[in-house]
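Colleague: Below is the file coords.txt, with compact mmCIF, C-alpha atoms.
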# COMPACT_ATOMS: atom_id res chain seq x y z
CA MET A 1 0.00 0.00 0.00
CA ARG A 2 2.81 2.44 0.85
CA THR A 3 4.38 1.73 -2.57
CA LEU A 4 1.11 2.47 -4.40
CA LEU A 5 0.64 5.70 -2.46
CA LEU A 6 4.19 6.83 -3.33
CA ILE A 7 3.61 6.15 -7.05
CA ALA A 8 0.26 7.97 -6.99
CA TRP A 9 1.82 10.89 -5.13
CA LEU A 10 4.28 11.35 -8.00
CA VAL A 11 2.17 10.45 -11.03
CA ILE A 12 -0.86 12.61 -10.24
CA PRO A 13 1.13 15.87 -9.77
CA ALA A 14 3.11 15.04 -12.92
CA ALA A 15 -0.11 14.91 -14.92
CA LEU A 16 -1.45 18.08 -13.30
CA PHE A 17 1.72 20.12 -13.87
CA ALA A 18 1.74 19.09 -17.52
CA GLN A 19 -1.89 20.12 -18.28
CA LYS A 20 -2.33 22.78 -20.94
CA PRO A 21 -3.68 26.16 -19.78
CA PRO A 22 -7.36 26.52 -20.80
CA ALA A 23 -6.64 29.60 -22.92
CA GLN A 24 -3.64 28.02 -24.65
CA GLU A 25 -4.87 24.62 -25.83
CA ASP A 26 -2.93 24.87 -29.08
CA THR A 27 0.34 25.90 -27.41
CA PRO A 28 2.87 23.07 -26.99
CA VAL A 29 3.44 22.30 -23.32
CA ASP A 30 6.98 20.95 -23.72
CA ASP A 31 9.88 23.29 -23.11
CA VAL A 32 7.70 26.25 -22.26
CA VAL A 33 9.72 29.44 -22.01
CA VAL A 34 8.91 31.42 -18.88
CA GLN A 35 7.95 34.91 -19.98
CA ASP A 36 9.22 37.91 -18.05
CA SER A 37 6.30 39.55 -16.23
CA GLY A 38 8.38 42.47 -15.04
CA LYS A 39 8.10 41.35 -11.44
CA PRO A 40 11.30 40.78 -9.44
CA LEU A 41 10.16 37.25 -8.49
CA GLN A 42 8.13 34.97 -10.73
CA LEU A 43 7.04 31.39 -9.93
CA SER A 44 6.03 29.11 -12.80
CA PHE A 45 4.93 25.47 -13.23
CA GLY A 46 5.11 25.25 -17.04
CA ASN A 47 7.76 22.52 -17.30
CA ARG A 48 8.55 22.07 -13.62
CA PRO A 49 8.49 24.29 -10.53
CA SER A 50 10.69 27.24 -11.51
CA LEU A 51 11.60 30.49 -9.78
CA ARG A 52 12.80 33.39 -11.89
CA ILE A 53 14.58 36.34 -10.28
CA GLY A 54 14.17 39.06 -12.87
CA GLU A 55 16.75 38.82 -15.63
CA PHE A 56 19.45 37.91 -13.14
CA ALA A 57 18.85 34.23 -12.32
CA HIS A 58 16.44 31.32 -12.32
CA ILE A 59 16.10 28.15 -10.27
CA ASP A 60 14.40 24.93 -11.47
CA LEU A 61 13.31 22.07 -9.22
CA LYS A 62 14.12 18.71 -10.85
CA THR A 63 13.12 15.22 -9.81
CA ASN A 64 13.48 11.73 -11.29
CA TRP A 65 11.94 8.53 -9.93
CA HIS A 66 12.28 4.92 -11.14
CA PHE A 67 9.85 2.21 -10.00
CA ASP A 68 11.01 -1.23 -11.15
CA PHE A 69 9.14 -4.54 -11.23
CA ARG A 70 11.72 -7.30 -11.80
CA SER A 71 12.04 -11.01 -12.40
CA PHE A 72 15.23 -13.09 -12.57
CA THR A 73 16.02 -16.61 -13.77
CA PRO A 74 17.57 -18.17 -11.74
CA ASN A 75 15.45 -16.44 -9.10
CA ILE A 76 18.38 -15.26 -6.97
CA VAL A 77 20.52 -12.11 -6.85
CA ASN A 78 23.46 -10.52 -5.08
CA LEU A 79 22.11 -7.46 -3.28
CA PRO A 80 23.81 -4.13 -4.09
CA GLY A 81 25.71 -2.52 -1.24
CA ILE A 82 26.10 -5.78 0.71
CA VAL A 83 29.79 -6.37 1.41
CA THR A 84 29.39 -10.12 1.99
CA ASP A 85 27.73 -10.61 -1.45
CA LEU A 86 25.51 -13.40 -0.09
CA PRO A 87 22.81 -14.47 -2.59
CA ALA A 88 19.23 -13.55 -1.79
CA ILE A 89 15.74 -14.01 -3.21
CA PRO A 90 14.98 -10.83 -5.19
CA THR A 91 12.03 -8.59 -4.36
CA THR A 92 9.56 -8.04 -7.17
CA PHE A 93 9.34 -4.28 -6.66
CA LEU A 94 12.31 -1.96 -6.14
CA LEU A 95 12.63 1.82 -6.01
CA THR A 96 15.85 2.28 -8.01
CA LYS A 97 15.93 6.06 -8.22
CA ALA A 98 14.50 8.81 -6.01
CA ARG A 99 16.45 11.85 -7.09
CA VAL A 100 15.74 15.53 -6.44
CA GLY A 101 17.79 18.57 -7.29
CA LEU A 102 18.08 22.19 -8.29
CA LYS A 103 19.32 23.47 -11.62
CA GLY A 104 19.60 26.98 -12.98
CA ASN A 105 21.80 29.90 -13.85
CA VAL A 106 23.09 33.22 -12.56
CA THR A 107 23.28 35.64 -15.49
CA SER A 108 24.29 34.09 -18.81
CA ARG A 109 27.75 33.22 -17.53
CA ILE A 110 27.16 30.79 -14.67
CA ASP A 111 25.20 27.51 -14.68
CA TYR A 112 24.83 25.16 -11.72
CA GLU A 113 23.19 21.90 -10.67
CA PHE A 114 22.85 20.06 -7.35
CA GLN A 115 21.34 16.55 -7.09
CA ARG A 116 20.87 13.98 -4.36
CA ASP A 117 19.40 10.47 -4.34
CA LEU A 118 16.94 9.74 -1.54
CA ARG A 119 16.40 6.00 -2.03
CA SER A 120 17.57 5.13 1.49
CA THR A 121 14.89 7.50 2.81
CA PHE A 122 12.04 5.54 1.21
CA GLY A 123 13.38 1.98 1.35
CA PRO A 124 16.21 -0.38 2.32
CA ASP A 125 18.24 0.10 -0.86
CA HIS A 126 21.77 1.20 -0.08
CA GLU A 127 23.49 3.99 -1.99
CA TRP A 128 27.25 4.43 -1.66
CA HIS A 129 27.21 7.83 -3.37
CA PRO A 130 23.90 9.64 -2.74
CA TRP A 131 25.21 12.98 -4.05
CA LYS A 132 25.10 13.02 -7.85
CA ASP A 133 25.76 15.99 -10.17
CA ASN A 134 26.90 18.92 -8.02
CA TYR A 135 28.79 21.48 -10.05
CA VAL A 136 29.16 25.06 -11.19
CA ASN A 137 29.93 25.89 -14.82
CA VAL A 138 31.38 29.27 -15.83
CA VAL A 139 31.36 30.56 -19.42
CA VAL A 140 34.68 32.35 -19.85
CA HIS A 141 34.61 32.61 -23.66
CA ARG A 142 32.60 31.03 -26.44
CA LEU A 143 35.52 28.61 -26.86
CA LEU A 144 36.18 28.08 -23.15
CA GLN A 145 33.98 26.99 -20.25
CA VAL A 146 35.16 25.85 -16.83
CA GLU A 147 33.20 23.24 -14.87
CA VAL A 148 34.08 22.54 -11.23
CA GLY A 149 32.51 20.14 -8.75
CA LYS A 150 31.22 16.59 -9.03
CA PHE A 151 30.01 15.35 -12.40
CA LYS A 152 30.51 12.57 -14.93
CA LEU A 153 33.95 12.16 -16.43
CA PRO A 154 33.84 12.83 -20.20
CA PHE A 155 33.88 9.17 -21.20
CA GLY A 156 31.18 6.95 -22.68
CA LEU A 157 28.27 7.70 -25.01
CA GLU A 158 25.70 5.80 -22.96
CA GLU A 159 27.11 6.88 -19.59
CA THR A 160 27.14 10.61 -20.33
CA GLY A 161 23.78 10.66 -22.14
CA ALA A 162 20.59 12.02 -20.59
CA GLU A 163 19.47 9.49 -17.98
CA ASP A 164 15.76 10.05 -18.62
CA ARG A 165 16.20 9.33 -22.36
CA GLN A 166 17.92 5.93 -22.20
CA ASP A 167 16.60 3.38 -24.70
CA PHE A 168 16.87 0.54 -22.16
CA VAL A 169 16.12 0.06 -18.48
CA PHE A 170 19.71 -1.01 -17.75
CA GLN A 171 22.90 0.29 -19.26
CA SER A 172 25.00 -2.20 -21.18
CA ARG A 173 27.48 -4.24 -19.13
CA THR A 174 30.23 -2.54 -21.13
CA THR A 175 29.08 0.86 -19.91
CA ASN A 176 28.25 -0.22 -16.38
CA ASP A 177 31.56 -2.02 -15.70
CA LEU A 178 34.10 -0.06 -17.74
CA THR A 179 33.13 3.63 -17.62
CA PRO A 180 34.30 5.81 -14.70
CA ALA A 181 30.96 7.60 -13.99
CA ARG A 182 31.01 10.61 -11.60
CA GLU A 183 33.90 12.12 -9.65
CA ARG A 184 35.04 15.44 -8.18
CA GLY A 185 37.23 17.49 -10.45
CA ALA A 186 37.59 20.38 -12.87
CA MET A 187 37.08 20.38 -16.63
CA LEU A 188 37.61 22.72 -19.57
CA HIS A 189 35.12 22.31 -22.41
CA ALA A 190 33.31 24.12 -25.21
CA ASN A 191 31.70 23.65 -28.59
CA PHE A 192 33.56 24.71 -31.71
CA LEU A 193 33.38 24.70 -35.51
CA LYS A 194 30.45 26.20 -37.39
CA GLY A 195 27.22 25.78 -35.47
CA GLY A 196 29.05 24.24 -32.52
CA ARG A 197 28.96 20.81 -34.16
CA MET A 198 32.05 19.61 -32.26
CA GLU A 199 32.85 19.59 -28.54
CA TYR A 200 36.09 19.16 -26.63
CA GLN A 201 36.36 18.19 -22.94
CA VAL A 202 39.57 17.97 -20.90
CA GLY A 203 39.63 17.48 -17.15
CA VAL A 204 41.46 16.31 -14.05
CA PHE A 205 39.66 14.41 -11.28
CA ARG A 206 40.48 13.46 -7.70
CA TYR A 207 39.89 9.73 -8.22
CA ASP A 208 39.15 7.37 -11.08
CA GLY A 209 35.37 7.66 -10.68
CA GLU A 210 32.59 5.97 -8.77
CA GLY A 211 32.15 3.36 -11.50
CA SER A 212 35.35 1.55 -10.49
CA ASP A 213 35.19 1.88 -6.70
CA ILE A 214 34.67 -1.06 -4.33
CA HIS A 215 31.87 -0.52 -1.81
CA GLY A 216 32.39 3.24 -1.94
CA VAL A 217 36.21 3.11 -1.72
CA PRO A 218 38.15 4.42 -4.77
CA THR A 219 40.56 2.08 -6.55
CA ALA A 220 42.69 4.72 -8.31
CA GLY A 221 43.96 8.20 -7.58
CA ARG A 222 44.18 11.35 -9.66
CA THR A 223 42.81 10.70 -13.13
CA TYR A 224 43.04 12.73 -16.33
CA ALA A 225 40.31 12.53 -18.97
CA GLY A 226 39.78 13.92 -22.44
CA ARG A 227 37.11 13.62 -25.11
CA ILE A 228 36.29 15.03 -28.51
CA SER A 229 32.91 14.38 -30.09
CA GLY A 230 30.39 15.71 -32.55
CA GLU A 231 29.64 15.66 -36.27
CA PRO A 232 33.02 16.13 -37.98
CA LEU A 233 31.64 15.21 -41.41
CA ARG A 234 29.03 17.99 -41.37
CA GLN A 235 31.18 20.37 -43.45
CA LEU A 236 31.90 17.82 -46.21
CA LYS A 237 29.13 18.85 -48.60
CA PHE A 238 30.02 16.22 -51.21
CA LEU A 239 28.89 13.45 -48.83
CA PRO A 240 25.23 12.38 -48.62
CA LYS A 241 23.29 14.22 -45.92
CA THR A 242 22.60 11.04 -43.98
CA VAL A 243 26.37 10.40 -43.74
CA ARG A 244 27.28 13.97 -42.80
CA HIS A 245 24.99 13.76 -39.75
CA VAL A 246 26.78 10.77 -38.23
CA TYR A 247 27.97 11.46 -34.68
CA LEU A 248 31.51 10.32 -33.83
CA GLY A 249 33.54 10.52 -30.63
CA ALA A 250 36.74 9.37 -28.97
CA ALA A 251 37.82 9.56 -25.33
CA VAL A 252 40.63 8.53 -23.01
CA THR A 253 41.29 8.42 -19.26
CA ASP A 254 44.55 7.71 -17.41
CA GLY A 255 45.23 7.41 -13.68
CA ALA A 256 47.41 5.60 -11.15
CA MET A 257 45.71 2.71 -9.32
CA PHE A 258 46.11 1.92 -5.63
CA GLU A 259 48.03 -1.32 -5.14
CA GLY A 260 45.97 -4.35 -4.17
CA LEU A 261 42.88 -6.25 -5.28
CA ASN A 262 41.60 -3.24 -7.18
CA GLY A 263 41.20 -4.49 -10.74
CA ILE A 264 37.89 -3.94 -12.49
CA LYS A 265 35.50 -6.84 -11.94
CA GLY A 266 32.73 -8.28 -14.09
CA GLN A 267 29.15 -8.78 -12.87
CA THR A 268 25.87 -9.98 -14.31
CA PHE A 269 22.75 -7.79 -14.13
CA SER A 270 21.66 -9.81 -11.10
CA GLY A 271 24.91 -8.95 -9.32
CA PHE A 272 26.86 -12.22 -9.60
CA THR A 273 30.59 -11.81 -10.07
CA TYR A 274 32.16 -13.80 -12.90
CA MET A 275 35.50 -11.92 -12.92
CA ASP A 276 36.88 -11.09 -9.47
CA HIS A 277 39.09 -8.16 -8.57
CA LEU A 278 42.73 -8.98 -9.41
CA TYR A 279 45.95 -7.63 -7.93
CA VAL A 280 47.06 -4.48 -9.76
CA LYS A 281 49.66 -1.75 -9.47
CA GLY A 282 50.42 1.00 -11.97
CA ASN A 283 48.21 2.91 -14.39
CA ARG A 284 44.66 2.26 -15.53
CA MET A 285 44.01 3.56 -19.03
CA ARG A 286 40.69 3.63 -20.87
CA ILE A 287 40.31 4.22 -24.60
CA GLY A 288 36.83 4.57 -26.05
CA THR A 289 35.18 5.26 -29.38
CA GLU A 290 31.51 5.94 -29.99
CA THR A 291 29.10 6.58 -32.84
CA SER A 292 25.44 7.36 -33.37
CA TRP A 293 23.29 7.65 -36.49
CA VAL A 294 19.70 8.86 -36.72
CA GLU A 295 17.60 8.81 -39.88
CA GLY A 296 13.89 9.47 -39.58
CA ARG A 297 12.34 6.87 -37.28
CA PHE A 298 15.49 4.76 -37.07
CA SER A 299 18.62 5.16 -34.96
CA ILE A 300 21.78 3.10 -34.40
CA LYS A 301 24.31 3.53 -31.60
CA GLY A 302 27.55 1.78 -30.87
CA GLU A 303 30.49 1.99 -28.53
CA TYR A 304 33.85 0.28 -28.01
CA ILE A 305 35.88 0.49 -24.77
CA HIS A 306 39.35 -0.91 -24.04
CA VAL A 307 40.76 -0.79 -20.49
CA SER A 308 44.32 -1.80 -19.60
CA GLU A 309 45.47 -2.17 -15.97
CA GLU A 310 49.14 -2.59 -15.15
CA ARG A 311 50.23 -5.33 -12.72
CA LYS A 312 53.72 -4.20 -11.75
CA GLN A 313 55.43 -6.36 -9.10
CA GLN A 314 52.27 -8.43 -8.62
CA GLY A 315 53.77 -11.86 -9.40
CA ILE A 316 54.31 -14.35 -6.58
CA ARG A 317 58.03 -13.46 -6.72
CA GLY A 318 57.44 -9.72 -7.03
CA ASN A 319 57.86 -9.76 -10.80
CA ASP A 320 55.82 -7.72 -13.26
CA LEU A 321 52.81 -9.42 -14.84
CA PRO A 322 51.17 -8.76 -18.23
CA ASP A 323 48.48 -6.09 -18.17
CA LYS A 324 44.92 -7.10 -17.34
CA ILE A 325 42.66 -6.24 -20.28
CA SER A 326 38.95 -5.44 -20.08
CA ARG A 327 37.31 -4.95 -23.45
CA GLY A 328 33.68 -4.34 -24.32
CA TRP A 329 31.44 -3.19 -27.11
CA TYR A 330 27.77 -2.94 -27.92
CA VAL A 331 25.52 -1.99 -30.81
CA SER A 332 21.88 -1.01 -30.43
CA GLY A 333 19.07 -0.01 -32.73
CA SER A 334 15.73 1.73 -32.19
CA TRP A 335 12.63 2.26 -34.31
CA THR A 336 9.87 4.74 -33.50
CA ALA A 337 6.80 2.62 -34.19
CA VAL A 338 4.10 5.01 -32.96
CA GLY A 339 4.09 8.81 -32.73
CA GLN A 340 6.81 11.37 -33.29
CA MET A 341 9.44 12.93 -31.06
CA LYS A 342 10.19 16.65 -30.93
CA SER A 343 13.78 17.89 -31.19
CA SER A 344 13.71 18.29 -27.40
CA GLY A 345 13.26 14.53 -27.01
CA LYS A 346 9.63 14.80 -25.86
CA PRO A 347 6.49 13.41 -27.58
CA LYS A 348 4.97 15.76 -30.15
CA ASN A 349 1.46 14.54 -29.28
CA PRO A 350 1.56 13.48 -25.62
CA PHE A 351 -0.82 11.10 -23.87
CA LEU A 352 -2.97 12.40 -20.97
CA THR A 353 -1.58 15.93 -21.32
CA GLY A 354 -2.42 16.31 -25.02
CA ARG A 355 -4.52 14.78 -27.79
CA GLY A 356 -2.17 11.97 -28.81
CA PHE A 357 -0.87 8.61 -27.68
CA GLY A 358 2.71 9.67 -27.02
CA VAL A 359 5.59 7.75 -28.63
CA ILE A 360 6.40 4.04 -28.67
CA GLU A 361 9.92 2.93 -29.55
CA LEU A 362 11.13 -0.62 -30.14
CA SER A 363 14.80 -1.22 -29.28
CA ALA A 364 17.30 -4.08 -29.33
CA ARG A 365 20.94 -4.32 -28.18
CA TYR A 366 23.80 -6.80 -28.31
CA ASP A 367 26.55 -6.32 -25.73
CA VAL A 368 29.88 -8.15 -25.29
CA LEU A 369 32.25 -7.71 -22.34
CA ALA A 370 35.47 -9.75 -22.06
CA PHE A 371 38.35 -9.99 -19.56
CA PHE A 372 41.80 -11.44 -20.27
CA SER A 373 45.50 -10.52 -20.11
CA GLY A 374 48.39 -9.88 -22.39
CA PRO A 375 50.60 -12.85 -23.37
CA GLY A 376 52.38 -14.38 -20.38
CA PRO A 377 54.26 -17.52 -19.31
CA GLY A 378 52.52 -20.67 -18.18
CA PRO A 379 48.97 -21.92 -18.62
CA ALA A 380 45.97 -19.62 -18.17
CA SER A 381 44.63 -19.56 -14.61
CA ARG A 382 41.89 -18.02 -12.45
CA ASP A 383 44.37 -17.13 -9.70
CA PRO A 384 44.39 -13.35 -8.88
CA ARG A 385 48.17 -13.30 -9.45
CA ALA A 386 48.20 -15.52 -12.56
CA PRO A 387 50.62 -14.29 -15.27
CA THR A 388 48.10 -15.38 -17.90
CA ILE A 389 44.49 -14.75 -16.91
CA LEU A 390 41.95 -17.36 -17.96
CA PRO A 391 39.59 -15.38 -20.22
CA ASN A 392 35.95 -14.85 -19.34
CA SER A 393 33.16 -12.95 -21.07
CA ASP A 394 29.53 -11.93 -20.75
CA LYS A 395 27.36 -11.69 -23.88
CA THR A 396 23.95 -10.08 -23.51
CA TRP A 397 20.89 -9.66 -25.70
CA ALA A 398 18.34 -7.04 -24.63
CA ALA A 399 15.10 -5.95 -26.31
CA GLY A 400 11.81 -4.30 -25.54
CA PRO A 401 9.44 -1.35 -26.09
CA THR A 402 9.52 2.09 -24.49
CA TRP A 403 6.34 4.15 -24.21
CA TYR A 404 6.90 7.89 -23.77
CA LEU A 405 3.48 8.97 -22.52
CA ASN A 406 4.41 12.63 -22.18
CA ARG A 407 7.35 14.72 -21.06
CA MET A 408 7.09 13.43 -17.48
CA LEU A 409 6.02 9.78 -17.73
CA LYS A 410 7.73 6.84 -19.40
CA ILE A 411 7.14 3.08 -19.22
CA GLN A 412 9.77 0.53 -20.33
CA LEU A 413 9.50 -3.22 -20.73
CA ASN A 414 12.79 -5.08 -21.26
CA ALA A 415 13.87 -8.70 -21.51
CA GLN A 416 17.56 -9.68 -21.30
CA ARG A 417 19.53 -12.86 -21.72
CA GLU A 418 23.15 -13.14 -20.54
CA ARG A 419 25.61 -15.90 -21.29
CA VAL A 420 28.80 -16.15 -19.21
CA THR A 421 31.50 -18.36 -20.73
CA ASP A 422 33.23 -19.41 -17.49
CA MET A 423 31.20 -19.63 -14.30
CA GLU A 424 33.71 -21.76 -12.38
CA ARG A 425 35.00 -18.65 -10.68
CA LYS A 426 31.70 -18.30 -8.83
CA ALA A 427 29.16 -20.87 -9.99
CA VAL A 428 25.41 -20.41 -9.52
CA PHE A 429 23.54 -23.68 -9.79
CA GLY A 430 26.05 -24.70 -12.46
CA LEU A 431 24.34 -22.36 -14.94
CA ASN A 432 25.86 -19.82 -17.28
CA TYR A 433 22.61 -18.35 -18.67
CA PHE A 434 20.82 -15.55 -16.82
CA TRP A 435 17.44 -14.07 -17.77
CA THR A 436 16.10 -10.73 -16.58
CA GLY A 437 12.63 -9.29 -17.12
CA ILE A 438 11.82 -5.79 -15.95
CA ILE A 439 9.08 -3.16 -16.16
CA ARG A 440 10.00 0.40 -15.22
CA LEU A 441 7.78 3.40 -14.57
CA GLN A 442 9.75 6.66 -14.78
CA VAL A 443 8.47 9.96 -13.43
CA ALA A 444 10.70 12.90 -14.28
CA MET A 445 10.43 16.64 -14.49
Would you put the structure from the file into structure tokens?

Modeller:
Amino acid sequence: MRTLLLIAWLVIPAALFAQKPPAQEDTPVDDVVVQDSGKPLQLSFGNRPSLRIGEFAHIDLKTNWHFDFRSFTPNIVNLPGIVTDLPAIPTTFLLTKARVGLKGNVTSRIDYEFQRDLRSTFGPDHEWHPWKDNYVNVVVHRLLQVEVGKFKLPFGLEETGAEDRQDFVFQSRTTNDLTPARERGAMLHANFLKGGRMEYQVGVFRYDGEGSDIHGVPTAGRTYAGRISGEPLRQLKFLPKTVRHVYLGAAVTDGAMFEGLNGIKGQTFSGFTYMDHLYVKGNRMRIGTETSWVEGRFSIKGEYIHVSEERKQQGIRGNDLPDKISRGWYVSGSWTAVGQMKSSGKPKNPFLTGRGFGVIELSARYDVLAFFSGPGPGPASRDPRAPTILPNSDKTWAAGPTWYLNRMLKIQLNAQRERVTDMERKAVFGLNYFWTGIIRLQVAM
């Protein structure tokens, strides 16, 4: 009952805030621009609760909630945030995101955002890093902006994309296990070329990122990151238009790891570890490439990530071992079967808040994540100090529809099948196939 009340408490206000004003039935409700009334303070509920302070500043209240109904085969999981990693029977319902925050600007030169996850307030789910994006961005020049605080490292197409516009309930295993995610740091960035079609990002961060930590403890120190992305073919007029609009990107991170069992591990969606942390010492380097293509109702995305971790003096005799390699890639495709999206990423004819049915997209993804080492002496082994690491991989198919009801409500239905090649490291019923079914209700504004 408490769960149903919480969902109703969020869904009903979302529908009310999104209603069209009686005198403006033909005016689109998405991305409404708050008009200046001349008053020093102006409160609006067009897109979300927003306070405007003259021409000087504005403050938006943002919130994002995920309600998941899940099923696993085998019907057992490793609970997140539990250090002992003891298997448990999964609950059918789980609140996986309860995020609130403020976002706005002070003049045209300063942007800011502050977010916090409140899942532990409403349920037993543990969150190692409740504070999310918390940064200030200063526009110094049209070719130079400075961002300081806590935010995502500039690495990964899926990881750095808008979280409320993901095509799938879960990120790919490649993204989830290999990207660095958020960390405290400073970054220089800006758009360049005609129309700002390209973007550069260069930053330094205190640690390697929350994506590689172990139960909230970082595994690497100061990390440098760089990325360049955009549509570099846009200016080549002799190419077909559909080719010139292809998005391309490349990124790299480099940082010194803390010595010990701090290598990146591999997990299934249900939390079972099939590649344990290995002994490492030296640098961790990521290299990533990404691409995206959109043509009408169709879109294709892909990403490739290579991570090398040095193992200096980690042999049983203190000798150097070949680098541990983590390599992943995925390709996904989507088709808009019903309705049409606006350029803002919201339904052109929303359901409940308009006269349409919203948008229904059908998506599918194939994801491969592998772990191995460079050439070394002796036979391949599962030992954490083995010169030659016995390879292991996780191959995942995911597919399902996404229904964008309106700019605040989204429902996703996904089915996933994972196949792990070597489960002897941590066997579960002697199986290497894992199925996941999930329905997610998202409320965001």

Colleague: Provide the atom CA of Arg419 of chain A to atom CA of Ser393 of chain A distance in Å, to one decimal place.

Modeller: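 Straight-line distance from atom CA of Arg419 of chain A to atom CA of Ser393 of chain A works out to 8.1 Å.
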
Colleague: Rounded to one decimal in Å, what is the spacing between atom CA of Gln412 of chain A and atom CA of Asp177 of chain A?

Modeller: 22.4 Å

Colleague: In Å, how far is it from atom CA of Lys194 of chain A to atom CA of Gln166 of chain A?

Modeller: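 Atom CA of Gln166 of chain A lies at a distance of 28.3 Å from atom CA of Lys194 of chain A.
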
Colleague: Mind checking which residues fall within 10 Å of Leu390 of chain A, counting all atoms listed in the file, ignoring those fewer than 3 positions away in the same chain, and posting them as a ChimeraX atom specification?

Modeller: /A:275,371-373,379-383,386-387,422

Colleague: Can I get the selected residues back with C-alpha atoms, as a compact mmCIF listing (two decimals), in the coordinates of the input?

Modeller:
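Written out: selection08.txt:
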# COMPACT_ATOMS: atom_id res chain seq x y z
CA MET A 275 35.50 -11.92 -12.92
CA PHE A 371 38.35 -9.99 -19.56
CA PHE A 372 41.80 -11.44 -20.27
CA SER A 373 45.50 -10.52 -20.11
CA PRO A 379 48.97 -21.92 -18.62
CA ALA A 380 45.97 -19.62 -18.17
CA SER A 381 44.63 -19.56 -14.61
CA ARG A 382 41.89 -18.02 -12.45
CA ASP A 383 44.37 -17.13 -9.70
CA ALA A 386 48.20 -15.52 -12.56
CA PRO A 387 50.62 -14.29 -15.27
CA ASP A 422 33.23 -19.41 -17.49

Colleague: I'd like the neighbourhood of segment 430-434 of chain A as a ChimeraX atom specification, where a residue qualifies if any of its atoms comes within 12 Å (using all atoms listed in the file), though same-chain residues fewer than 5 positions away should be ignored.

Modeller: /A:71-77,267-274,392-398,415-425

Colleague: Give me the residues within 9 Å of segment 99-108 of chain A as a ChimeraX atom specification, counting only C-alpha atoms and dropping any in the same chain fewer than 6 places off.

Modeller: /A:55-65,114-119,130,132-133,139

Colleague: Give me, as a tab-separated table (two decimals) with C-alpha atoms, keeping the file's coordinate frame, all polymer residues having an atom no more than 12 Å from Thr175 of chain A, counting only C-alpha atoms and skipping those fewer than 4 positions away in the same chain.

Modeller:
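Final file, part.tsv:
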chain	number	residue	atom	x	y	z
A	155	PHE	CA	33.88	9.17	-21.20
A	156	GLY	CA	31.18	6.95	-22.68
A	157	LEU	CA	28.27	7.70	-25.01
A	158	GLU	CA	25.70	5.80	-22.96
A	159	GLU	CA	27.11	6.88	-19.59
A	160	THR	CA	27.14	10.61	-20.33
A	161	GLY	CA	23.78	10.66	-22.14
A	170	PHE	CA	19.71	-1.01	-17.75
A	171	GLN	CA	22.90	0.29	-19.26
A	179	THR	CA	33.13	3.63	-17.62
A	180	PRO	CA	34.30	5.81	-14.70
A	181	ALA	CA	30.96	7.60	-13.99
A	211	GLY	CA	32.15	3.36	-11.50
A	212	SER	CA	35.35	1.55	-10.49
A	266	GLY	CA	32.73	-8.28	-14.09
A	267	GLN	CA	29.15	-8.78	-12.87
A	286	ARG	CA	40.69	3.63	-20.87
A	288	GLY	CA	36.83	4.57	-26.05
A	290	GLU	CA	31.51	5.94	-29.99
A	302	GLY	CA	27.55	1.78	-30.87
A	303	GLU	CA	30.49	1.99	-28.53
A	304	TYR	CA	33.85	0.28	-28.01
A	305	ILE	CA	35.88	0.49	-24.77
A	306	HIS	CA	39.35	-0.91	-24.04
A	307	VAL	CA	40.76	-0.79	-20.49
A	326	SER	CA	38.95	-5.44	-20.08
A	327	ARG	CA	37.31	-4.95	-23.45
A	328	GLY	CA	33.68	-4.34	-24.32
A	329	TRP	CA	31.44	-3.19	-27.11
A	330	TYR	CA	27.77	-2.94	-27.92
A	331	VAL	CA	25.52	-1.99	-30.81
A	367	ASP	CA	26.55	-6.32	-25.73
A	368	VAL	CA	29.88	-8.15	-25.29
A	369	LEU	CA	32.25	-7.71	-22.34

Colleague: Excluding same-chain residues fewer than 4 positions from Ile411 of chain A, what lies within 9 Å of it counting only C-alpha atoms, as a list in words?

Modeller: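 So the residues in contact are Pro401, Thr402, Trp403, Tyr404, Leu405, Ile439, Arg440, Leu441 and Gln442 of chain A.
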
Colleague: Kindly indicate which residue among A:His277, A:Lys152, A:Arg197, A:Arg227 lies nearest to Val252 of chain A, using all atoms listed in the file for the distances.

Modeller: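 Under the stated criterion, the closest residue is A:Arg227.
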